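Below is protein_6.txt, holding compact mmCIF, C-alpha atoms.
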# COMPACT_ATOMS: atom_id res chain seq x y z
CA MET A 276 0.00 0.00 0.00
CA SER A 277 1.59 3.27 -1.11
CA VAL A 278 0.71 6.76 0.00
CA PRO A 279 -0.74 8.98 -2.78
CA PRO A 280 1.93 11.48 -3.88
CA ALA A 281 -0.69 14.24 -4.26
CA LEU A 282 -0.99 14.54 -0.49
CA GLY A 283 1.05 17.09 1.40
CA PRO A 284 4.09 16.01 3.45
CA VAL A 285 2.24 16.15 6.78
CA ALA A 286 -0.72 14.22 5.38
CA ARG A 287 1.62 11.62 3.90
CA LEU A 288 3.35 11.27 7.25
CA ARG A 289 -0.03 10.72 8.90
CA GLU A 290 -0.90 8.08 6.31
CA HIS A 291 2.39 6.32 6.99
CA ASN A 292 1.68 6.33 10.72
CA GLU A 293 -1.73 4.79 10.13
CA ARG A 294 -0.17 2.14 7.90
CA VAL A 295 2.44 1.29 10.54
CA LEU A 296 -0.25 0.96 13.22
CA GLN A 297 -2.37 -1.25 10.97
CA LEU A 298 0.55 -3.55 10.21
CA ARG A 299 1.40 -3.86 13.89
CA GLN A 300 -2.21 -4.78 14.61
CA HIS A 301 -2.13 -7.39 11.83
CA ILE A 302 1.07 -8.85 13.29
CA ARG A 303 -0.57 -9.13 16.71
CA GLU A 304 -3.54 -10.93 15.15
CA VAL A 305 -1.27 -13.38 13.33
CA ASN A 306 0.72 -14.00 16.52
CA LEU A 307 -2.48 -14.66 18.47
CA ARG A 308 -3.70 -17.13 15.85
CA GLN A 309 -0.38 -18.97 15.81
CA ARG A 310 -0.17 -19.15 19.59
CA LEU A 311 -3.68 -20.53 19.87
CA MET A 312 -3.02 -23.12 17.18
CA TYR A 313 0.30 -24.19 18.70
CA GLY A 314 -1.18 -24.30 22.19
CA PHE A 315 -4.23 -26.35 21.24
CA GLY A 316 -2.11 -28.59 19.01
CA ALA A 317 0.36 -29.26 21.82
CA CYS A 318 -2.51 -30.07 24.19
CA VAL A 319 -3.95 -32.55 21.68
CA VAL A 320 -0.57 -34.27 21.37
CA LEU A 321 -0.20 -34.41 25.16
CA CYS A 322 -3.66 -35.94 25.52
CA VAL A 323 -2.83 -38.59 22.92
CA LEU A 324 0.44 -39.39 24.68
CA GLY A 325 -1.34 -39.36 28.04
CA VAL A 326 -3.66 -42.07 26.76
CA ALA A 327 -1.17 -44.14 24.78
CA VAL A 328 1.90 -44.25 27.04
CA PRO A 329 0.28 -45.14 30.41
CA THR A 330 -2.03 -47.64 28.70
CA ALA A 331 0.93 -49.37 27.06
CA LEU A 332 2.91 -49.47 30.32
CA THR A 333 0.00 -50.80 32.41
CA TRP A 334 -1.57 -53.07 29.80
CA ARG A 335 -3.63 -55.84 31.48
CA ARG A 336 -2.41 -54.77 34.92
CA PHE A 337 -4.40 -51.64 35.63
CA ASP A 338 -7.68 -50.30 34.31
CA MET A 339 -6.93 -46.92 32.74
CA ALA A 340 -10.43 -46.46 31.30
CA PRO A 341 -11.55 -43.69 33.72
CA PHE A 342 -8.41 -41.65 33.11
CA ASN A 343 -8.44 -42.29 29.38
CA THR A 344 -12.06 -41.14 29.14
CA VAL A 345 -11.20 -37.80 30.70
CA LEU A 346 -8.15 -37.38 28.47
CA VAL A 347 -10.13 -38.28 25.35
CA LEU A 348 -12.79 -35.70 26.20
CA LEU A 349 -10.11 -33.08 26.81
CA GLY A 350 -8.46 -34.05 23.54
CA VAL A 351 -11.73 -33.52 21.69
CA VAL A 352 -12.14 -30.08 23.29
CA PHE A 353 -8.59 -29.12 22.37
CA ALA A 354 -9.08 -30.42 18.83
CA VAL A 355 -12.18 -28.25 18.47
CA GLY A 356 -10.16 -25.30 19.76
CA LEU A 357 -7.42 -26.07 17.23
CA VAL A 358 -9.91 -26.08 14.36
CA GLY A 359 -11.60 -22.94 15.67
CA SER A 360 -8.33 -21.04 16.02
CA SER A 361 -7.39 -21.97 12.46
CA TRP A 362 -10.53 -20.17 11.30
CA ILE A 363 -9.53 -16.87 12.92
CA GLU A 364 -9.40 -14.41 10.07
CA THR A 365 -6.19 -12.49 9.46
CA VAL A 366 -5.06 -10.19 6.67
CA ARG A 367 -4.72 -11.82 3.26
CA HIS A 368 -3.10 -11.12 -0.08
CA GLU A 369 -5.21 -9.42 -2.70
CA GLY A 370 -6.85 -11.87 -5.07
CA PRO A 371 -6.40 -11.95 -8.84
CA ARG A 372 -9.71 -10.15 -9.28
CA PRO A 373 -10.98 -7.01 -7.52
CA GLY A 374 -12.82 -7.78 -4.31
CA THR A 375 -11.22 -11.21 -3.89
CA SER A 376 -8.56 -12.34 -1.45
CA GLY A 377 -5.77 -14.87 -1.66
CA ASP A 378 -3.58 -16.65 0.86
CA ARG A 379 -2.95 -15.35 4.34
CA LEU A 380 -0.01 -13.05 4.88
CA THR A 381 2.61 -14.67 7.10
CA ARG A 382 4.24 -12.92 10.02
CA ASP A 383 7.51 -12.61 8.09
CA GLU A 384 5.71 -10.93 5.20
CA LEU A 385 3.93 -8.54 7.56
CA GLU A 386 7.17 -7.69 9.36
CA LEU A 387 8.80 -6.99 6.00
CA GLU A 388 5.94 -4.68 5.04
CA LEU A 389 6.24 -3.00 8.43
CA GLU A 390 9.94 -2.32 7.88
CA ILE A 391 9.17 -0.91 4.43
CA ALA A 392 6.41 1.29 5.86
CA ILE A 393 8.72 2.62 8.58
CA GLU A 394 11.41 3.32 5.99
CA ASN A 395 8.92 5.16 3.78
CA ARG A 396 7.82 7.19 6.78
CA LEU A 397 11.40 8.21 7.46
CA ILE A 398 11.92 9.16 3.81
CA ASP A 399 8.84 11.39 3.78
CA ALA A 400 9.67 12.87 7.19
CA THR A 401 13.15 13.98 6.13
CA PRO A 402 12.08 16.94 3.91
CA LEU A 403 9.86 18.32 6.68
CA ASP A 404 12.93 19.40 8.67
CA ILE A 405 11.12 18.89 11.98
CA PRO A 406 12.68 20.99 14.78
CA ILE A 407 14.81 19.13 17.28
CA ARG A 408 12.50 20.01 20.16
CA ASN A 409 9.53 18.48 18.33
CA ARG A 410 11.53 15.33 17.63
CA GLN A 411 12.52 15.10 21.28
CA PHE A 412 8.90 15.59 22.31
CA ALA A 413 7.85 12.78 19.96
CA TYR A 414 10.62 10.63 21.42
CA ARG A 415 9.31 11.29 24.92
CA GLU A 416 5.79 10.35 23.87
CA SER A 417 7.09 7.01 22.57
CA ILE A 418 8.53 6.06 25.98
CA PRO A 419 5.33 4.32 27.25
CA GLU A 420 5.27 2.13 24.16
CA GLU A 421 8.95 1.35 24.66
CA LEU A 422 8.32 0.40 28.28
CA ASP A 423 5.46 -1.86 27.30
CA GLN A 424 7.60 -3.60 24.69
CA LEU A 425 10.50 -4.11 27.10
CA ARG A 426 8.24 -5.56 29.78
CA LYS A 427 6.52 -7.88 27.32
CA GLU A 428 9.87 -9.25 26.19
CA SER A 429 11.00 -9.58 29.80
CA HIS A 430 7.87 -11.51 30.74
CA ARG A 431 8.27 -13.76 27.71
CA TYR A 432 11.83 -14.69 28.66
CA ARG A 433 10.79 -15.14 32.29
CA ARG A 434 8.00 -17.53 31.30
CA ARG A 435 10.43 -19.56 29.22
CA HIS A 436 12.91 -19.70 32.08
CA ASN A 437 10.23 -20.74 34.58
CA PHE A 438 8.90 -23.39 32.18
CA PHE A 439 12.26 -25.06 31.70
CA GLN A 440 13.10 -24.76 35.40
CA LEU A 441 9.80 -26.43 36.24
CA LEU A 442 10.60 -29.27 33.86
CA ILE A 443 14.03 -29.66 35.45
CA ILE A 444 12.59 -29.72 38.99
CA ILE A 445 9.76 -32.13 38.20
CA GLY A 446 11.99 -34.34 36.07
CA SER A 447 14.65 -34.51 38.78
CA ILE A 448 12.12 -35.38 41.50
CA VAL A 449 10.38 -38.05 39.43
CA ASN A 450 13.70 -39.43 38.26
CA ALA A 451 14.98 -39.70 41.83
CA GLY A 452 11.77 -41.40 42.91
CA ALA A 453 11.88 -43.87 40.03
CA GLN A 454 15.51 -44.75 40.73
CA SER A 455 14.68 -45.56 44.35
CA PHE A 456 13.05 -48.79 43.27
CA SER A 457 15.62 -51.55 43.48
CA ASP A 458 13.90 -53.98 41.13
CA THR A 459 13.27 -51.58 38.28
CA THR A 460 11.32 -53.03 35.37
CA GLN A 461 12.26 -52.41 31.78
CA PRO A 462 9.50 -49.84 31.07
CA LEU A 463 10.52 -47.93 34.20
CA LYS A 464 14.15 -47.96 33.10
CA SER A 465 13.11 -46.39 29.81
CA ILE A 466 11.21 -43.70 31.69
CA ILE A 467 14.27 -43.00 33.87
CA ILE A 468 16.48 -42.64 30.81
CA GLY A 469 13.94 -40.35 29.16
CA LEU A 470 13.64 -38.17 32.26
CA THR A 471 17.42 -37.92 32.56
CA MET A 472 17.67 -36.80 28.95
CA LEU A 473 14.82 -34.32 29.45
CA VAL A 474 16.51 -32.75 32.48
CA ALA A 475 19.83 -32.53 30.63
CA ILE A 476 18.25 -30.96 27.54
CA CYS A 477 16.31 -28.40 29.60
CA ALA A 478 19.43 -27.49 31.58
CA GLY A 479 21.38 -27.07 28.35
CA ILE A 480 18.70 -24.86 26.80
CA THR A 481 18.49 -22.57 29.82
CA GLY A 482 22.28 -22.35 30.02
CA TYR A 483 22.71 -21.58 26.33
CA TYR A 484 19.90 -19.08 25.76
CA LYS A 485 20.14 -17.43 29.22
CA PHE A 486 16.44 -16.63 29.52
CA ARG A 487 16.73 -15.43 33.12
CA GLU A 488 19.56 -13.01 32.35
CA ARG A 489 17.75 -11.60 29.33
CA SER A 490 14.58 -11.12 31.34
CA PHE A 491 16.49 -9.41 34.15
CA ASN A 492 18.28 -7.04 31.76
CA LEU A 493 15.06 -6.06 30.00
CA GLN A 494 13.20 -5.49 33.26
CA GLN A 495 16.10 -3.48 34.65
CA THR A 496 16.16 -1.26 31.56
CA ALA A 497 12.39 -0.77 31.71
CA ASP A 498 12.54 0.19 35.39
CA SER A 499 15.37 2.66 34.75
CA ILE A 500 13.54 4.30 31.83
CA GLU A 501 10.35 4.52 33.89
CA GLU A 502 12.29 6.09 36.75
CA HIS A 503 13.63 8.82 34.46
CA ALA A 504 10.22 9.38 32.86
CA ASN A 505 8.54 9.77 36.26
CA ALA A 506 11.28 12.12 37.45
CA PHE A 507 10.77 14.23 34.32
CA HIS A 508 7.00 14.45 34.78
CA LEU A 509 7.34 15.30 38.49
CA ALA A 510 10.22 17.76 37.95
CA LEU A 511 12.54 15.79 40.22
CA PRO A 512 16.34 15.96 39.97
CA PRO A 513 18.00 15.99 37.51
CA TYR A 514 14.93 17.32 35.66
CA ASP A 515 14.17 20.19 38.04
CA SER A 516 15.68 22.91 35.87
CA ALA A 517 13.58 25.93 34.96
CA ASP A 518 14.44 25.35 31.29
CA SER A 519 11.93 22.76 30.05
CA ALA A 520 13.82 22.34 26.78
CA ALA A 521 16.98 21.39 28.67
CA ASN A 522 15.02 18.89 30.76
CA LEU A 523 13.55 17.33 27.63
CA ALA A 524 16.96 17.09 25.97
CA LEU A 525 18.42 15.50 29.10
CA LEU A 526 15.59 12.95 29.27
CA THR A 527 16.11 12.04 25.62
CA ALA A 528 19.84 11.56 26.14
CA ARG A 529 19.40 9.46 29.31
CA VAL A 530 16.76 7.19 27.80
CA GLU A 531 18.75 6.68 24.62
CA ASN A 532 21.84 5.81 26.67
CA LEU A 533 19.82 3.20 28.56
CA ARG A 534 18.59 1.69 25.31
CA VAL A 535 22.13 1.54 23.93
CA GLU A 536 23.35 -0.08 27.14
CA GLN A 537 20.56 -2.65 26.91
CA ARG A 538 21.57 -3.57 23.36
CA ARG A 539 25.18 -3.96 24.48
CA ARG A 540 24.16 -6.30 27.27
CA GLU A 541 22.15 -8.38 24.80
CA GLN A 542 25.19 -8.62 22.55
CA GLN A 543 27.35 -9.61 25.52
CA LEU A 544 25.05 -12.53 26.31
CA ASP A 545 25.48 -13.86 22.77
CA GLN A 546 29.27 -13.81 23.01
CA PRO A 547 31.51 -16.52 24.51
CA PRO A 548 32.51 -15.87 28.14
CA GLU A 549 36.17 -15.33 27.29
CA THR A 550 35.35 -12.51 24.83
CA ARG A 551 32.91 -10.57 27.01
CA ASP A 552 33.68 -7.09 28.22
CA PRO A 553 33.57 -7.12 32.04
CA SER A 554 32.77 -3.40 32.14
CA VAL A 555 29.33 -3.91 30.54

File written out as C-alpha cells:
Amino acid sequence: MSVPPALGPVARLREHNERVLQLRQHIREVNLRQRLMYGFGACVVLCVLGVAVPTALTWRRFDMAPFNTVLVLLGVVFAVGLVGSSWIETVRHEGPRPGTSGDRLTRDELELELEIAIENRLIDATPLDIPIRNRQFAYRESIPEELDQLRKESHRYRRRHNFFQLLIIIGSIVNAGAQSFSDTTQPLKSIIIGLTMLVAICAGITGYYKFRERSFNLQQTADSIEEHANAFHLALPPYDSADSAANLALLTARVENLRVEQRRREQQLDQPPETRDPSV
C-alpha cells in the first residue's frame, strides 16, 4: 500500500503512521492465531500421549479407562479449539480479481511490510525538517510504548525460564523417585532414561539461551527508563531545571543511553565468556 503522492508532506506522514499501526495490529492478530493453534495442538498431542503411554505401560495390569475417558474428552475439546483457532481471520493477499482475497499473509511478510512502511515514513519525514524540540517531544511520547515492549519481552523470557526450570525440577524429582526402586522393570528404566535426557536438555537450553539473564536485563532497563520518565513528569532531579527544553533534551539523552546499554548487554550474552567485556 503506497501513499498517494498528491498529499502534502504532513498528510503523507499521517498516512504512513496509520499504515504502521495497521501492520502492527495485523502482526498481533497473526501472533495470536499462531499461539492458539500451537497451544491447542500441543494439548492434543499431550492428551494422545497421556492415553497411549500409560495404557501401554500398564496393559492388562491396571484399568486406565476412567483416566483415558477424561483425556479423550479433553483431547476432543482441544481439537475443536485447534480447528476454531485456524478459522480466525487475518489479513490476506489481494486476489487476482478485484474484491477477492488470496492466501494469508505470514508474520515474516507482515514484518517486511512493516519495515518498508517505517522506511517510507522516514523518507517522507526527512524533507519536513522537523525541529529538534519536536523530535525530542515525539521521542518522549514514545517512551510508554517502549516500556510496554520491554516488559513484554521480559515476561516472555521469564516464562520460558520458569517453564524449563519447572521441567528440570519435576523431572529430577520423578527421576529420583523412580531410581529408588531396586527392582526396576524395563518400562521404568526407559522412563528414567527419558527423564534424565529431558533434564539434561532443559538445563542445556536454559544455560545456552540465558532466559533469566535476558529477562532481568530487559526489566532493569524498563525500570530505569520509567524512573527517568517519572522524574521528568514530576520535575525531580536531575529534571528540576527551569528550562523545560533542557530537561527534555536531558531525558532524551538518558533514555537513549539506557537503550544503547541494553543492546550492548544483549550482545554480551550472545558472546563466549572469554570474549565478554567485564565493564558492561

Please provide as a PDB file with C-alpha atoms, in the frame of the given file all residues within 10 Å of Ala475 of chain A, with the sequence filter that same-chain residues fewer than 4 positions apart are discarded (counting all atoms listed in the file).
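What follows is the written file out_13.pdb:
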ATOM      1  CA  ILE A 443      14.030 -29.660  35.450  1.00  0.00           C
ATOM      2  CA  GLY A 446      11.990 -34.340  36.070  1.00  0.00           C
ATOM      3  CA  SER A 447      14.650 -34.510  38.780  1.00  0.00           C
ATOM      4  CA  GLY A 469      13.940 -40.350  29.160  1.00  0.00           C
ATOM      5  CA  LEU A 470      13.640 -38.170  32.260  1.00  0.00           C
ATOM      6  CA  THR A 471      17.420 -37.920  32.560  1.00  0.00           C
ATOM      7  CA  GLY A 479      21.380 -27.070  28.350  1.00  0.00           C
ATOM      8  CA  ILE A 480      18.700 -24.860  26.800  1.00  0.00           C
TER       9      ILE A 480
END

**Report entry** Best match for closeness to Arg308 of chain A among A:Gly377, A:Gly482, A:Gly359, A:Pro406, counting all atoms listed in the file
**Finding:** A:Gly359

Query raised in the report: Which residues, written as JSON, numbers by chain, have at least one atom at most 12 Å from Arg538 of chain A, with all atoms listed in the file counted and residues fewer than 2 positions away on the same chain left out?
Result: {"A": [425, 489, 492, 493, 496, 531, 532, 533, 534, 535, 536, 540, 541, 542, 543, 544, 545, 555]}

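Here the question is which of A:Ser376, A:Ala524, A:Lys464, A:Ala340 gets nearest to Ala413 of chain A using only C-alpha atoms, and that residue is A:Ala524.
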
Query raised in the report: Which residue out of A:Ala317, A:Ala286, A:Leu380, A:Ile418 has the minimum interatomic distance to Val366 of chain A when all atoms listed in the file are used?
Result: A:Leu380

Query raised in the report: With distances taken over all atoms listed in the file, which of A:Asn292, A:Asn343, A:Gln309, A:Thr333 is nearest to Ser360 of chain A?
Result: A:Gln309

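With all atoms listed in the file as the basis for measurement, A:Ile302 is the residue among A:Ile302, A:Val358, A:Val320, A:Leu397 that approaches Arg379 of chain A most closely.
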
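For the set A:Ser455, A:Leu298, A:Glu421, A:Val352, the residue with the smallest atom-to-atom gap to Glu384 of chain A is A:Leu298, counting only C-alpha atoms.
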
Requested in this report: Please check which residues have atoms at most 12 Å from (10.1, 15.0, 4.3) in the file's coordinates, counting all atoms listed in the file, and write them as a PyMOL selection string.
Outcome: chain A and resi 283-289+291+394-405

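Residues in contact with Gln300 of chain A at 12 Å, where all atoms listed in the file are counted and same-chain residues fewer than 5 positions away are skipped, are listed as Glu293, Arg294, Val295, Val305, Asn306, Leu307, Thr365, Val366, Arg382, Leu385, Glu386 and Leu389 of chain A.
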
Output C-alpha atoms of each residue in that selection to a file, as a compact mmCIF listing (two decimals), in the frame of the given file.
# COMPACT_ATOMS: atom_id res chain seq x y z
CA GLU A 293 -1.73 4.79 10.13
CA ARG A 294 -0.17 2.14 7.90
CA VAL A 295 2.44 1.29 10.54
CA VAL A 305 -1.27 -13.38 13.33
CA ASN A 306 0.72 -14.00 16.52
CA LEU A 307 -2.48 -14.66 18.47
CA THR A 365 -6.19 -12.49 9.46
CA VAL A 366 -5.06 -10.19 6.67
CA ARG A 382 4.24 -12.92 10.02
CA LEU A 385 3.93 -8.54 7.56
CA GLU A 386 7.17 -7.69 9.36
CA LEU A 389 6.24 -3.00 8.43

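Between atom CA of Val530 of chain A and atom CA of Ile500 of chain A lies a distance of 5.9 Å.
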
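The spacing separating atom CA of Gly316 of chain A from atom CA of Gly356 of chain A amounts to 8.7 Å.
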
Query - Neighbour list for Phe486 of chain A as a PyMOL selection string, cut-off 8 Å, all atoms listed in the file, skip fewer than 6 positions in-chain - result: chain A and resi 432-433+435-436

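Using all atoms listed in the file, every residue with an atom at most 9 Å from the point (2.7, -2.9, 19.7) is listed here: Leu296, Arg299, Gln300, Ile302, Arg303, Glu420, Asp423 and Gln424 of chain A.
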
Preceding selection exported with C-alpha atoms as a tab-separated table (two decimals), in the frame of the given file:
chain	number	residue	atom	x	y	z
A	296	LEU	CA	-0.25	0.96	13.22
A	299	ARG	CA	1.40	-3.86	13.89
A	300	GLN	CA	-2.21	-4.78	14.61
A	302	ILE	CA	1.07	-8.85	13.29
A	303	ARG	CA	-0.57	-9.13	16.71
A	420	GLU	CA	5.27	2.13	24.16
A	423	ASP	CA	5.46	-1.86	27.30
A	424	GLN	CA	7.60	-3.60	24.69

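One distance worth recording is that between atom CA of Glu304 of chain A and atom CA of Arg434 of chain A, which is 20.9 Å.
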